[in-house]
>>> print(open('input-v2.pdb').read())   # PDB, C-alpha atoms, pLDDT in the B column
ATOM      1  CA  MET O 914     110.656 -93.642 132.569  1.00 74.00           C
ATOM      2  CA  TYR O 915     111.973 -96.686 134.434  1.00 74.00           C
ATOM      3  CA  ARG O 916     109.833 -96.000 137.483  1.00 81.00           C
ATOM      4  CA  PHE O 917     106.780 -95.511 135.277  1.00 81.00           C
ATOM      5  CA  LEU O 918     107.430 -98.882 133.602  1.00 78.00           C
ATOM      6  CA  ARG O 919     107.934-100.586 136.961  1.00 81.00           C
ATOM      7  CA  ILE O 920     104.656 -99.219 138.289  1.00 86.00           C
ATOM      8  CA  SER O 921     102.899-100.241 135.060  1.00 83.00           C
ATOM      9  CA  VAL O 922     104.225-103.788 135.348  1.00 82.00           C
ATOM     10  CA  VAL O 923     103.012-104.083 138.942  1.00 87.00           C
ATOM     11  CA  ALA O 924      99.631-102.568 138.048  1.00 87.00           C
ATOM     12  CA  LEU O 925      99.240-104.992 135.147  1.00 84.00           C
ATOM     13  CA  TYR O 926     100.084-107.927 137.425  1.00 86.00           C
ATOM     14  CA  VAL O 927      97.330-106.805 139.803  1.00 89.00           C
ATOM     15  CA  LEU O 928      94.925-106.457 136.881  1.00 87.00           C
ATOM     16  CA  LEU O 929      95.872-109.887 135.539  1.00 86.00           C
ATOM     17  CA  GLY O 930      95.366-111.363 139.000  1.00 88.00           C
ATOM     18  CA  LEU O 931      91.887-109.821 139.208  1.00 87.00           C
ATOM     19  CA  LEU O 932      91.069-111.117 135.726  1.00 84.00           C
ATOM     20  CA  PHE O 933      92.253-114.587 136.683  1.00 82.00           C
ATOM     21  CA  LEU O 934      90.172-114.541 139.875  1.00 85.00           C
ATOM     22  CA  THR O 935      87.120-113.410 137.921  1.00 83.00           C
ATOM     23  CA  SER O 936      87.557-116.110 135.310  1.00 78.00           C
ATOM     24  CA  VAL O 937      87.798-118.704 138.104  1.00 79.00           C
ATOM     25  CA  VAL O 938      84.671-117.407 139.836  1.00 82.00           C
ATOM     26  CA  LEU O 939      82.646-116.765 136.671  1.00 78.00           C
ATOM     27  CA  PRO O 940      81.600-120.383 135.879  1.00 76.00           C
ATOM     28  CA  PHE O 941      80.042-120.722 139.330  1.00 79.00           C
ATOM     29  CA  VAL O 942      77.868-117.632 139.036  1.00 78.00           C
ATOM     30  CA  SER O 943      74.272-118.519 138.193  1.00 77.00           C
ATOM     31  CA  LYS O 944      73.153-117.791 134.672  1.00 75.00           C
ATOM     32  CA  GLY O 945      70.292-115.595 135.835  1.00 74.00           C
ATOM     33  CA  VAL O 946      72.655-112.824 136.885  1.00 74.00           C
ATOM     34  CA  PHE O 947      73.688-112.363 133.274  1.00 75.00           C
ATOM     35  CA  ASP O 948      70.188-111.878 131.893  1.00 76.00           C
ATOM     36  CA  PHE O 949      70.355-108.656 129.971  1.00 74.00           C
ATOM     37  CA  ASN O 950      67.259-106.699 129.091  1.00 73.00           C
ATOM     38  CA  LEU O 951      67.556-105.381 125.568  1.00 71.00           C
ATOM     39  CA  ALA O 952      65.243-102.506 126.421  1.00 70.00           C
ATOM     40  CA  ASN O 953      68.098-100.976 128.415  1.00 70.00           C
ATOM     41  CA  LEU O 954      70.235-100.866 125.301  1.00 70.00           C
ATOM     42  CA  ASP O 955      70.392 -97.488 123.602  1.00 71.00           C
ATOM     43  CA  ASN O 956      73.301 -97.904 121.252  1.00 73.00           C
ATOM     44  CA  ILE O 957      76.383-100.049 120.799  1.00 72.00           C
ATOM     45  CA  ASP O 958      79.785 -98.551 120.103  1.00 77.00           C
ATOM     46  CA  ILE O 959      82.265-100.841 118.419  1.00 72.00           C
ATOM     47  CA  GLN O 960      85.806 -99.711 117.843  1.00 72.00           C
ATOM     48  CA  THR O 961      88.005-101.610 115.441  1.00 65.00           C
ATOM     49  CA  GLY O 962      91.363-100.035 114.927  1.00 66.00           C
ATOM     50  CA  SER O 963      90.798 -96.323 114.546  1.00 76.00           C
ATOM     51  CA  ILE O 964      87.217 -96.617 113.332  1.00 82.00           C
ATOM     52  CA  LEU O 965      84.378 -96.226 115.824  1.00 83.00           C
ATOM     53  CA  TYR O 966      81.059 -97.716 114.762  1.00 79.00           C
ATOM     54  CA  GLU O 967      78.025 -96.368 116.551  1.00 79.00           C
ATOM     55  CA  VAL O 968      75.076 -98.675 116.077  1.00 73.00           C
ATOM     56  CA  ARG O 969      71.905 -96.696 116.770  1.00 72.00           C
ATOM     57  CA  GLY O 970      68.206 -97.123 116.199  1.00 66.00           C
ATOM     58  CA  ILE O 971      67.897-100.201 118.350  1.00 62.00           C
ATOM     59  CA  VAL O 972      65.720 -98.540 120.980  1.00 58.00           C
ATOM     60  CA  THR O 973      62.764-100.564 119.788  1.00 63.00           C
ATOM     61  CA  LEU O 974      64.361-103.869 120.767  1.00 65.00           C
ATOM     62  CA  THR O 975      62.836-105.837 123.597  1.00 68.00           C
ATOM     63  CA  GLY O 976      63.534-109.203 125.105  1.00 72.00           C
ATOM     64  CA  ILE O 977      66.075-110.733 127.410  1.00 76.00           C
ATOM     65  CA  VAL O 978      69.432-112.045 126.284  1.00 75.00           C
ATOM     66  CA  ASN O 979      71.796-114.086 128.409  1.00 76.00           C
ATOM     67  CA  VAL O 980      75.289-112.642 128.216  1.00 77.00           C
ATOM     68  CA  LYS O 981      77.164-115.130 130.401  1.00 79.00           C
ATOM     69  CA  TRP O 982      79.272-116.494 127.582  1.00 80.00           C
ATOM     70  CA  LEU O 983      79.821-113.051 126.141  1.00 82.00           C
ATOM     71  CA  VAL O 984      81.144-111.770 129.455  1.00 83.00           C
ATOM     72  CA  SER O 985      83.331-114.875 129.827  1.00 82.00           C
ATOM     73  CA  LEU O 986      84.748-114.399 126.348  1.00 84.00           C
ATOM     74  CA  ALA O 987      85.319-110.718 127.036  1.00 85.00           C
ATOM     75  CA  PHE O 988      87.431-111.680 130.057  1.00 85.00           C
ATOM     76  CA  VAL O 989      89.414-114.192 128.015  1.00 86.00           C
ATOM     77  CA  VAL O 990      90.016-111.600 125.277  1.00 88.00           C
ATOM     78  CA  LEU O 991      91.074-109.020 127.850  1.00 87.00           C
ATOM     79  CA  THR O 992      93.445-111.500 129.474  1.00 87.00           C
ATOM     80  CA  VAL O 993      95.072-112.462 126.172  1.00 89.00           C
ATOM     81  CA  ASN O 994      95.577-108.803 125.257  1.00 89.00           C
ATOM     82  CA  LEU O 995      96.951-107.964 128.688  1.00 88.00           C
ATOM     83  CA  VAL O 996      99.299-110.967 128.776  1.00 89.00           C
ATOM     84  CA  PHE O 997     100.844-109.826 125.494  1.00 91.00           C
ATOM     85  CA  PHE O 998     101.102-106.248 126.706  1.00 89.00           C
ATOM     86  CA  GLN O 999     102.586-107.352 130.015  1.00 88.00           C
ATOM     87  CA  PHE O1000     105.169-109.543 128.273  1.00 91.00           C
ATOM     88  CA  VAL O1001     106.351-106.671 126.061  1.00 91.00           C
ATOM     89  CA  LEU O1002     106.395-104.308 129.043  1.00 88.00           C
ATOM     90  CA  ILE O1003     108.529-106.665 131.164  1.00 88.00           C
ATOM     91  CA  GLN O1004     111.070-107.073 128.357  1.00 91.00           C
ATOM     92  CA  LEU O1005     111.173-103.317 127.868  1.00 88.00           C
ATOM     93  CA  LYS O1006     111.645-102.722 131.589  1.00 87.00           C
ATOM     94  CA  GLN O1007     114.546-105.169 131.752  1.00 88.00           C
ATOM     95  CA  ILE O1008     116.196-103.673 128.660  1.00 89.00           C
ATOM     96  CA  ILE O1009     115.970-100.200 130.169  1.00 87.00           C
ATOM     97  CA  THR O1010     117.436-101.538 133.425  1.00 87.00           C
ATOM     98  CA  ASP O1011     120.425-102.923 131.505  1.00 88.00           C
ATOM     99  CA  VAL O1012     120.881 -99.687 129.554  1.00 87.00           C
ATOM    100  CA  TYR O1013     120.736 -97.795 132.854  1.00 85.00           C
ATOM    101  CA  HIS O1014     123.503-100.031 134.228  1.00 86.00           C
ATOM    102  CA  LYS O1015     125.580 -99.295 131.093  1.00 86.00           C
ATOM    103  CA  ILE O1016     125.430-102.859 129.704  1.00 86.00           C
ATOM    104  CA  PRO O1017     123.166-102.325 126.680  1.00 86.00           C
ATOM    105  CA  PHE O1018     124.901-104.937 124.526  1.00 90.00           C
ATOM    106  CA  SER O1019     124.399-107.884 126.855  1.00 89.00           C
ATOM    107  CA  ASP O1020     123.366-111.289 125.539  1.00 89.00           C
ATOM    108  CA  LYS O1021     120.189-111.089 127.611  1.00 91.00           C
ATOM    109  CA  ASN O1022     119.156-107.879 125.859  1.00 92.00           C
ATOM    110  CA  ILE O1023     119.510-109.536 122.457  1.00 94.00           C
ATOM    111  CA  LYS O1024     117.300-112.393 123.648  1.00 94.00           C
ATOM    112  CA  ARG O1025     114.753-109.942 125.046  1.00 94.00           C
ATOM    113  CA  LEU O1026     114.611-108.014 121.778  1.00 94.00           C
ATOM    114  CA  LYS O1027     114.151-111.258 119.847  1.00 95.00           C
ATOM    115  CA  TYR O1028     111.366-112.359 122.197  1.00 95.00           C
ATOM    116  CA  MET O1029     109.700-108.978 121.783  1.00 95.00           C
ATOM    117  CA  GLY O1030     109.900-109.144 117.995  1.00 95.00           C
ATOM    118  CA  ILE O1031     108.513-112.675 117.915  1.00 95.00           C
ATOM    119  CA  ALA O1032     105.775-111.692 120.386  1.00 94.00           C
ATOM    120  CA  TYR O1033     104.741-108.865 118.045  1.00 95.00           C
ATOM    121  CA  LEU O1034     104.729-111.196 115.034  1.00 95.00           C
ATOM    122  CA  VAL O1035     102.616-113.762 116.900  1.00 94.00           C
ATOM    123  CA  SER O1036     100.283-111.082 118.224  1.00 93.00           C
ATOM    124  CA  SER O1037      99.765-109.728 114.714  1.00 93.00           C
ATOM    125  CA  VAL O1038      97.938-112.987 113.932  1.00 91.00           C
ATOM    126  CA  VAL O1039      96.509-113.955 117.315  1.00 91.00           C
ATOM    127  CA  LEU O1040      95.162-110.657 118.612  1.00 89.00           C
ATOM    128  CA  PRO O1041      92.966-109.799 115.573  1.00 87.00           C
ATOM    129  CA  MET O1042      91.571-113.348 115.739  1.00 87.00           C
ATOM    130  CA  VAL O1043      90.814-113.126 119.449  1.00 87.00           C
ATOM    131  CA  ASN O1044      89.403-109.614 119.261  1.00 84.00           C
ATOM    132  CA  GLY O1045      87.425-110.506 116.129  1.00 83.00           C
ATOM    133  CA  SER O1046      85.854-113.459 117.881  1.00 84.00           C
ATOM    134  CA  LEU O1047      84.575-111.135 120.605  1.00 83.00           C
ATOM    135  CA  PHE O1048      83.130-108.825 117.970  1.00 79.00           C
ATOM    136  CA  ALA O1049      81.459-111.782 116.248  1.00 81.00           C
ATOM    137  CA  MET O1050      79.981-112.914 119.544  1.00 81.00           C
ATOM    138  CA  VAL O1051      78.604-109.440 120.314  1.00 78.00           C
ATOM    139  CA  ALA O1052      76.935-109.405 116.910  1.00 76.00           C
ATOM    140  CA  ASN O1053      75.553-112.905 117.407  1.00 77.00           C
ATOM    141  CA  THR O1054      74.347-112.466 120.961  1.00 76.00           C
ATOM    142  CA  PHE O1055      72.393-109.294 120.421  1.00 72.00           C
ATOM    143  CA  ASN O1056      71.368-110.359 116.942  1.00 70.00           C
ATOM    144  CA  ILE O1057      70.792-106.757 115.939  1.00 64.00           C
ATOM    145  CA  PHE O1058      72.902-106.540 112.843  1.00 65.00           C
ATOM    146  CA  GLU O1059      74.623-108.815 110.406  1.00 69.00           C
ATOM    147  CA  ALA O1060      78.357-108.847 110.830  1.00 68.00           C
ATOM    148  CA  THR O1061      80.976-110.824 109.003  1.00 75.00           C
ATOM    149  CA  VAL O1062      84.281-111.053 110.766  1.00 74.00           C
ATOM    150  CA  SER O1063      87.252-111.824 108.598  1.00 76.00           C
ATOM    151  CA  PHE O1064      90.567-112.432 110.288  1.00 76.00           C
ATOM    152  CA  SER O1065      93.562-110.764 108.806  1.00 82.00           C
ATOM    153  CA  MET O1066      97.009-109.992 110.112  1.00 85.00           C
ATOM    154  CA  ASP O1067      97.640-106.720 111.836  1.00 86.00           C
ATOM    155  CA  LEU O1068     100.204-105.276 109.414  1.00 90.00           C
ATOM    156  CA  GLN O1069     101.321-102.593 111.838  1.00 91.00           C
ATOM    157  CA  SER O1070     102.325-105.225 114.392  1.00 92.00           C
ATOM    158  CA  VAL O1071     104.142-107.168 111.671  1.00 94.00           C
ATOM    159  CA  PHE O1072     106.177-104.074 110.824  1.00 95.00           C
ATOM    160  CA  ILE O1073     106.952-103.368 114.471  1.00 95.00           C
ATOM    161  CA  GLY O1074     107.954-107.003 114.976  1.00 95.00           C
ATOM    162  CA  ILE O1075     110.272-106.988 111.972  1.00 96.00           C
ATOM    163  CA  ILE O1076     111.869-103.707 113.019  1.00 96.00           C
ATOM    164  CA  ILE O1077     112.478-105.039 116.538  1.00 96.00           C
ATOM    165  CA  LEU O1078     113.989-108.239 115.122  1.00 96.00           C
ATOM    166  CA  ILE O1079     116.303-106.195 112.873  1.00 96.00           C
ATOM    167  CA  LEU O1080     117.300-104.176 115.939  1.00 95.00           C
ATOM    168  CA  ALA O1081     118.031-107.456 117.743  1.00 94.00           C
ATOM    169  CA  TYR O1082     120.476-108.422 114.990  1.00 95.00           C
ATOM    170  CA  VAL O1083     122.058-104.961 115.127  1.00 95.00           C
ATOM    171  CA  PHE O1084     122.475-105.477 118.871  1.00 93.00           C
ATOM    172  CA  GLU O1085     124.008-108.886 118.234  1.00 94.00           C
ATOM    173  CA  TYR O1086     126.675-107.206 116.085  1.00 95.00           C
ATOM    174  CA  GLY O1087     127.102-104.546 118.760  1.00 93.00           C
ATOM    175  CA  ALA O1088     127.609-107.257 121.371  1.00 92.00           C
ATOM    176  CA  ALA O1089     130.358-108.864 119.263  1.00 92.00           C
ATOM    177  CA  LEU O1090     132.109-105.474 118.942  1.00 92.00           C
ATOM    178  CA  GLN O1091     131.686-104.872 122.668  1.00 90.00           C
ATOM    179  CA  GLU O1092     133.333-108.221 123.428  1.00 89.00           C
ATOM    180  CA  ASP O1093     136.276-107.308 121.189  1.00 90.00           C
ATOM    181  CA  ILE O1094     136.713-103.995 122.980  1.00 90.00           C
ATOM    182  CA  ASP O1095     136.366-105.605 126.412  1.00 87.00           C
ATOM    183  CA  LEU O1096     139.116-108.115 125.593  1.00 88.00           C
ATOM    184  CA  THR O1097     141.512-105.456 124.316  1.00 89.00           C
ATOM    185  CA  VAL O1098     144.159-104.193 126.693  1.00 85.00           C
TER
ATOM    186  CA  MET M1406     146.644-119.161 119.916  1.00 64.00           C
ATOM    187  CA  ALA M1407     150.145-119.357 118.528  1.00 84.00           C
ATOM    188  CA  ILE M1408     151.140-115.989 119.986  1.00 87.00           C
ATOM    189  CA  ILE M1409     152.554-116.373 123.481  1.00 88.00           C
ATOM    190  CA  ILE M1410     152.895-113.500 125.932  1.00 89.00           C
ATOM    191  CA  ARG M1411     156.271-113.445 127.679  1.00 88.00           C
ATOM    192  CA  LEU M1412     155.478-110.554 129.976  1.00 88.00           C
ATOM    193  CA  ASP M1413     156.151-112.550 133.144  1.00 87.00           C
ATOM    194  CA  ARG M1414     159.666-113.441 131.931  1.00 88.00           C
ATOM    195  CA  VAL M1415     160.555-109.830 131.097  1.00 88.00           C
ATOM    196  CA  LEU M1416     159.109-108.701 134.423  1.00 88.00           C
ATOM    197  CA  ALA M1417     161.239-111.268 136.264  1.00 89.00           C
ATOM    198  CA  ASP M1418     164.337-110.102 134.358  1.00 88.00           C
ATOM    199  CA  ARG M1419     163.684-106.502 135.360  1.00 87.00           C
ATOM    200  CA  LYS M1420     162.717-107.626 138.904  1.00 88.00           C
ATOM    201  CA  MET M1421     159.514-105.624 138.602  1.00 87.00           C
ATOM    202  CA  GLN M1422     156.143-106.356 140.176  1.00 88.00           C
ATOM    203  CA  LEU M1423     152.969-106.331 138.098  1.00 88.00           C
ATOM    204  CA  SER M1424     151.555-103.591 140.327  1.00 88.00           C
ATOM    205  CA  GLU M1425     154.578-101.384 139.663  1.00 88.00           C
ATOM    206  CA  LEU M1426     154.190-101.889 135.912  1.00 88.00           C
ATOM    207  CA  SER M1427     150.496-101.163 136.243  1.00 90.00           C
ATOM    208  CA  ASP M1428     151.269 -97.827 137.929  1.00 89.00           C
ATOM    209  CA  LYS M1429     153.818 -96.814 135.301  1.00 88.00           C
ATOM    210  CA  VAL M1430     151.848 -97.968 132.249  1.00 87.00           C
ATOM    211  CA  GLU M1431     148.532 -96.704 133.634  1.00 88.00           C
ATOM    212  CA  VAL M1432     146.714 -99.933 132.835  1.00 88.00           C
ATOM    213  CA  SER M1433     144.759-101.712 135.566  1.00 90.00           C
ATOM    214  CA  ILE M1434     146.316-104.751 137.258  1.00 90.00           C
ATOM    215  CA  ALA M1435     143.324-106.843 136.221  1.00 90.00           C
ATOM    216  CA  ASN M1436     143.948-106.048 132.558  1.00 89.00           C
ATOM    217  CA  LEU M1437     147.702-106.619 132.830  1.00 89.00           C
ATOM    218  CA  SER M1438     147.123-109.923 134.600  1.00 90.00           C
ATOM    219  CA  ASN M1439     144.717-110.937 131.818  1.00 89.00           C
ATOM    220  CA  LEU M1440     147.403-109.986 129.309  1.00 89.00           C
ATOM    221  CA  LYS M1441     149.992-112.025 131.209  1.00 87.00           C
ATOM    222  CA  THR M1442     147.794-115.121 131.240  1.00 87.00           C
ATOM    223  CA  GLY M1443     146.863-114.709 127.585  1.00 84.00           C
ATOM    224  CA  LYS M1444     143.188-114.100 128.202  1.00 86.00           C
ATOM    225  CA  VAL M1445     142.988-111.037 125.953  1.00 88.00           C
ATOM    226  CA  ARG M1446     142.012-110.905 122.315  1.00 88.00           C
ATOM    227  CA  ALA M1447     144.010-107.816 121.297  1.00 90.00           C
ATOM    228  CA  ILE M1448     146.553-105.322 122.579  1.00 90.00           C
ATOM    229  CA  ARG M1449     146.567-101.661 121.622  1.00 91.00           C
ATOM    230  CA  PHE M1450     149.744-100.242 120.074  1.00 93.00           C
ATOM    231  CA  SER M1451     149.640 -97.485 122.695  1.00 92.00           C
ATOM    232  CA  THR M1452     149.653-100.071 125.506  1.00 90.00           C
ATOM    233  CA  LEU M1453     152.441-102.065 123.871  1.00 91.00           C
ATOM    234  CA  ASN M1454     154.374 -98.833 123.360  1.00 92.00           C
ATOM    235  CA  LYS M1455     154.102 -97.894 127.033  1.00 91.00           C
ATOM    236  CA  ILE M1456     155.056-101.370 128.239  1.00 90.00           C
ATOM    237  CA  CYS M1457     158.169-101.396 125.987  1.00 92.00           C
ATOM    238  CA  GLU M1458     159.031 -97.887 127.201  1.00 90.00           C
ATOM    239  CA  VAL M1459     158.812 -98.842 130.887  1.00 90.00           C
ATOM    240  CA  LEU M1460     160.496-102.239 130.535  1.00 88.00           C
ATOM    241  CA  GLU M1461     163.068-100.898 128.019  1.00 89.00           C
ATOM    242  CA  CYS M1462     162.560-103.820 125.681  1.00 90.00           C
ATOM    243  CA  GLN M1463     161.348-104.667 122.177  1.00 91.00           C
ATOM    244  CA  PRO M1464     157.822-105.920 121.372  1.00 91.00           C
ATOM    245  CA  GLY M1465     159.500-109.175 120.355  1.00 90.00           C
ATOM    246  CA  ASP M1466     160.645-109.681 123.937  1.00 89.00           C
ATOM    247  CA  ILE M1467     157.064-109.644 125.138  1.00 90.00           C
ATOM    248  CA  LEU M1468     155.340-111.393 122.237  1.00 90.00           C
ATOM    249  CA  GLU M1469     156.518-114.684 120.836  1.00 89.00           C
ATOM    250  CA  TYR M1470     155.208-116.707 117.944  1.00 89.00           C
ATOM    251  CA  SER M1471     155.176-120.464 118.214  1.00 86.00           C
ATOM    252  CA  SER M1472     154.192-122.594 115.246  1.00 84.00           C
ATOM    253  CA  SER M1473     153.785-125.796 117.246  1.00 70.00           C
ATOM    254  CA  GLU M1474     150.165-125.034 118.206  1.00 52.00           C
TER
END
>>> encode(input="input-v2.pdb", output="structure tokens")
Amino acid sequence: MYRFLRISVVALYVLLGLLFLTSVVLPFVSKGVFDFNLANLDNIDIQTGSILYEVRGIVTLTGIVNVKWLVSLAFVVLTVNLVFFQFVLIQLKQIITDVYHKIPFSDKNIKRLKYMGIAYLVSSVVLPMVNGSLFAMVANTFNIFEATVSFSMDLQSVFIGIIILILAYVFEYGAALQEDIDLTV
Amino acid sequence: MAIIIRLDRVLADRKMQLSELSDKVEVSIANLSNLKTGKVRAIRFSTLNKICEVLECQPGDILEYSSSE
């Protein structure tokens, strides 16, 4: 479990590095490279949550659309998602390290749990907004269908965040008990 | 705190080293030294019992209450 997390963290760092490099290089790439021929488009699959939308019947479309900004936004959206995921993963890895070393009720662990809970609460608002903006841009760029994007909180993330925060307070109590036991002869 | 540990005085009376007490009471020297310097928050009855047994004294000889603080 710990090794898997460690490898994941390293892999995500590599991925984030690549994303960063791409986003640095992207503005200098000429616009012509991003010309996209709509005739090549058969169908668009859009997944929001657990629902997969398959937009078909657009074979008749012709014309050339420039997707430079869409690709740029896609990279930004990916980076934001990955940064959140990486943050949670790092906290989790460090908590597991502490549990492995038999100091689960350390002050650092309480802080990590609180950070994780707050990260989930923030992500419940930010991630749907960021991901929704990408969806809106896809709809606008290809101009194939009308789409209204409404931003709402991700309730699942809110629940996870609250549960993690409650756990943090449970750990805080545990840490106080641990200190009492440690100072008893 | 107003409770003072007089372990060092009793040990001096009995001419016993802390390490010797540690062996007999089966509590680590580090913990006993913390107890002696008053760095602990609580003492178990079982530990107090063993210390009194080894040092042949009363809990009152080891613990002292002082109202001045």
>>> resolve_selection(input="input-v2.pdb", expression="the PyMOL selection byres ((chain M and resi 1445-1458) around 6)", output="PyMOL selection string")
(chain O and resi 1096-1098) or (chain M and resi 1430+1440+1443-1444+1459-1463)
>>> resolve_selection(input="input-v2.pdb", expression="the PyMOL selection byres ((chain O and resi 1063) around 9)", output="PyMOL selection string")
chain O and resi 1042+1045+1061-1062+1064-1065
>>> residues_around(input="input-v2.pdb", residues="Gln960 in chain O", least_positions_apart="6", cutoff="10 Å", atoms="all atoms listed in the file", output="PDB file with C-alpha atoms, keeping the file's coordinate frame")
ATOM      1  CA  TYR O 966      81.059 -97.716 114.762  1.00 79.00           C
ATOM      2  CA  GLU O 967      78.025 -96.368 116.551  1.00 79.00           C
ATOM      3  CA  PHE O1048      83.130-108.825 117.970  1.00 79.00           C
TER       4      PHE O1048
END
>>> resolve_selection(input="input-v2.pdb", expression="the PyMOL selection byres ((chain O and resi 950) around 7)", output="MDAnalysis selection string")
chainID O and resid 948:949 951:953 976:978
>>> atom_distance(input="input-v2.pdb", atom1="CA of Asp1095 in chain O", atom2="CA of Asn1436 in chain M")
9.8 Å
>>> residues_around(input="input-v2.pdb", residues="range 1017-1032 of chain O", least_positions_apart="2", cutoff="6 Å", atoms="only C-alpha atoms", output="PyMOL selection string")
chain O and resi 1001+1004+1008+1011-1012+1015+1034-1036+1074+1077-1078+1081+1088
>>> residues_around(input="input-v2.pdb", residues="Leu983 in chain O", least_positions_apart="6", cutoff="12 Å", atoms="all atoms listed in the file", output="list of chain:residue names")
O:Leu939, O:Lys944, O:Phe947, O:Asp948, O:Phe949, O:Val989, O:Val990, O:Ser1046, O:Leu1047, O:Phe1048, O:Ala1049, O:Met1050, O:Val1051, O:Ala1052, O:Asn1053, O:Thr1054, O:Phe1055
>>> atom_distance(input="input-v2.pdb", atom1="CA of Phe998 in chain O", atom2="CA of Ser963 in chain O")
18.8 Å
>>> atom_distance(input="input-v2.pdb", atom1="CA of Ile1467 in chain M", atom2="CA of Arg1414 in chain M")
8.2 Å
>>> residues_around(input="input-v2.pdb", residues="range 914-927 of chain O", least_positions_apart="4", cutoff="9 Å", atoms="all atoms listed in the file", output="ChimeraX atom specification")
/O:931-932,995-996,998-999,1002-1003,1005-1006,1009-1010,1013
>>> build_atoms(input="input-v2.pdb", residues="range 1000-1014 of chain O", atoms="N, CA, C and O atoms", output="PDB file, in the coordinates of the input")
ATOM      1  N   PHE O1000     103.922-108.907 128.723  1.00 91.00           N
ATOM      2  CA  PHE O1000     105.169-109.543 128.273  1.00 91.00           C
ATOM      3  C   PHE O1000     106.107-108.506 127.654  1.00 91.00           C
ATOM      4  O   PHE O1000     107.286-108.414 128.007  1.00 91.00           O
ATOM      5  N   VAL O1001     105.539-107.695 126.726  1.00 91.00           N
ATOM      6  CA  VAL O1001     106.351-106.671 126.061  1.00 91.00           C
ATOM      7  C   VAL O1001     106.882-105.668 127.087  1.00 91.00           C
ATOM      8  O   VAL O1001     108.052-105.272 127.051  1.00 91.00           O
ATOM      9  N   LEU O1002     106.020-105.313 128.035  1.00 88.00           N
ATOM     10  CA  LEU O1002     106.395-104.308 129.043  1.00 88.00           C
ATOM     11  C   LEU O1002     107.545-104.807 129.918  1.00 88.00           C
ATOM     12  O   LEU O1002     108.482-104.061 130.218  1.00 88.00           O
ATOM     13  N   ILE O1003     107.481-106.099 130.305  1.00 88.00           N
ATOM     14  CA  ILE O1003     108.529-106.665 131.164  1.00 88.00           C
ATOM     15  C   ILE O1003     109.869-106.657 130.418  1.00 88.00           C
ATOM     16  O   ILE O1003     110.901-106.257 130.978  1.00 88.00           O
ATOM     17  N   GLN O1004     109.829-107.075 129.138  1.00 91.00           N
ATOM     18  CA  GLN O1004     111.070-107.073 128.357  1.00 91.00           C
ATOM     19  C   GLN O1004     111.645-105.665 128.281  1.00 91.00           C
ATOM     20  O   GLN O1004     112.838-105.434 128.480  1.00 91.00           O
ATOM     21  N   LEU O1005     110.751-104.706 128.017  1.00 88.00           N
ATOM     22  CA  LEU O1005     111.173-103.317 127.868  1.00 88.00           C
ATOM     23  C   LEU O1005     111.795-102.803 129.166  1.00 88.00           C
ATOM     24  O   LEU O1005     112.835-102.139 129.162  1.00 88.00           O
ATOM     25  N   LYS O1006     111.156-103.168 130.282  1.00 87.00           N
ATOM     26  CA  LYS O1006     111.645-102.722 131.589  1.00 87.00           C
ATOM     27  C   LYS O1006     113.052-103.260 131.833  1.00 87.00           C
ATOM     28  O   LYS O1006     113.936-102.550 132.277  1.00 87.00           O
ATOM     29  N   GLN O1007     113.235-104.564 131.496  1.00 88.00           N
ATOM     30  CA  GLN O1007     114.546-105.169 131.752  1.00 88.00           C
ATOM     31  C   GLN O1007     115.615-104.582 130.829  1.00 88.00           C
ATOM     32  O   GLN O1007     116.758-104.392 131.240  1.00 88.00           O
ATOM     33  N   ILE O1008     115.232-104.286 129.578  1.00 89.00           N
ATOM     34  CA  ILE O1008     116.196-103.673 128.660  1.00 89.00           C
ATOM     35  C   ILE O1008     116.618-102.313 129.189  1.00 89.00           C
ATOM     36  O   ILE O1008     117.808-101.979 129.224  1.00 89.00           O
ATOM     37  N   ILE O1009     115.646-101.534 129.657  1.00 87.00           N
ATOM     38  CA  ILE O1009     115.970-100.200 130.169  1.00 87.00           C
ATOM     39  C   ILE O1009     116.846-100.305 131.412  1.00 87.00           C
ATOM     40  O   ILE O1009     117.772 -99.512 131.603  1.00 87.00           O
ATOM     41  N   THR O1010     116.584-101.332 132.245  1.00 87.00           N
ATOM     42  CA  THR O1010     117.436-101.538 133.425  1.00 87.00           C
ATOM     43  C   THR O1010     118.885-101.773 132.998  1.00 87.00           C
ATOM     44  O   THR O1010     119.814-101.194 133.568  1.00 87.00           O
ATOM     45  N   ASP O1011     119.073-102.617 131.980  1.00 88.00           N
ATOM     46  CA  ASP O1011     120.425-102.923 131.505  1.00 88.00           C
ATOM     47  C   ASP O1011     121.095-101.686 130.910  1.00 88.00           C
ATOM     48  O   ASP O1011     122.288-101.458 131.128  1.00 88.00           O
ATOM     49  N   VAL O1012     120.320-100.912 130.150  1.00 87.00           N
ATOM     50  CA  VAL O1012     120.881 -99.687 129.554  1.00 87.00           C
ATOM     51  C   VAL O1012     121.283 -98.726 130.666  1.00 87.00           C
ATOM     52  O   VAL O1012     122.333 -98.088 130.603  1.00 87.00           O
ATOM     53  N   TYR O1013     120.452 -98.665 131.714  1.00 85.00           N
ATOM     54  CA  TYR O1013     120.736 -97.795 132.854  1.00 85.00           C
ATOM     55  C   TYR O1013     122.034 -98.227 133.540  1.00 85.00           C
ATOM     56  O   TYR O1013     122.816 -97.396 133.985  1.00 85.00           O
ATOM     57  N   HIS O1014     122.279 -99.522 133.600  1.00 86.00           N
ATOM     58  CA  HIS O1014     123.503-100.031 134.228  1.00 86.00           C
ATOM     59  C   HIS O1014     124.676-100.084 133.249  1.00 86.00           C
ATOM     60  O   HIS O1014     125.673-100.758 133.508  1.00 86.00           O
TER      61      HIS O1014
END
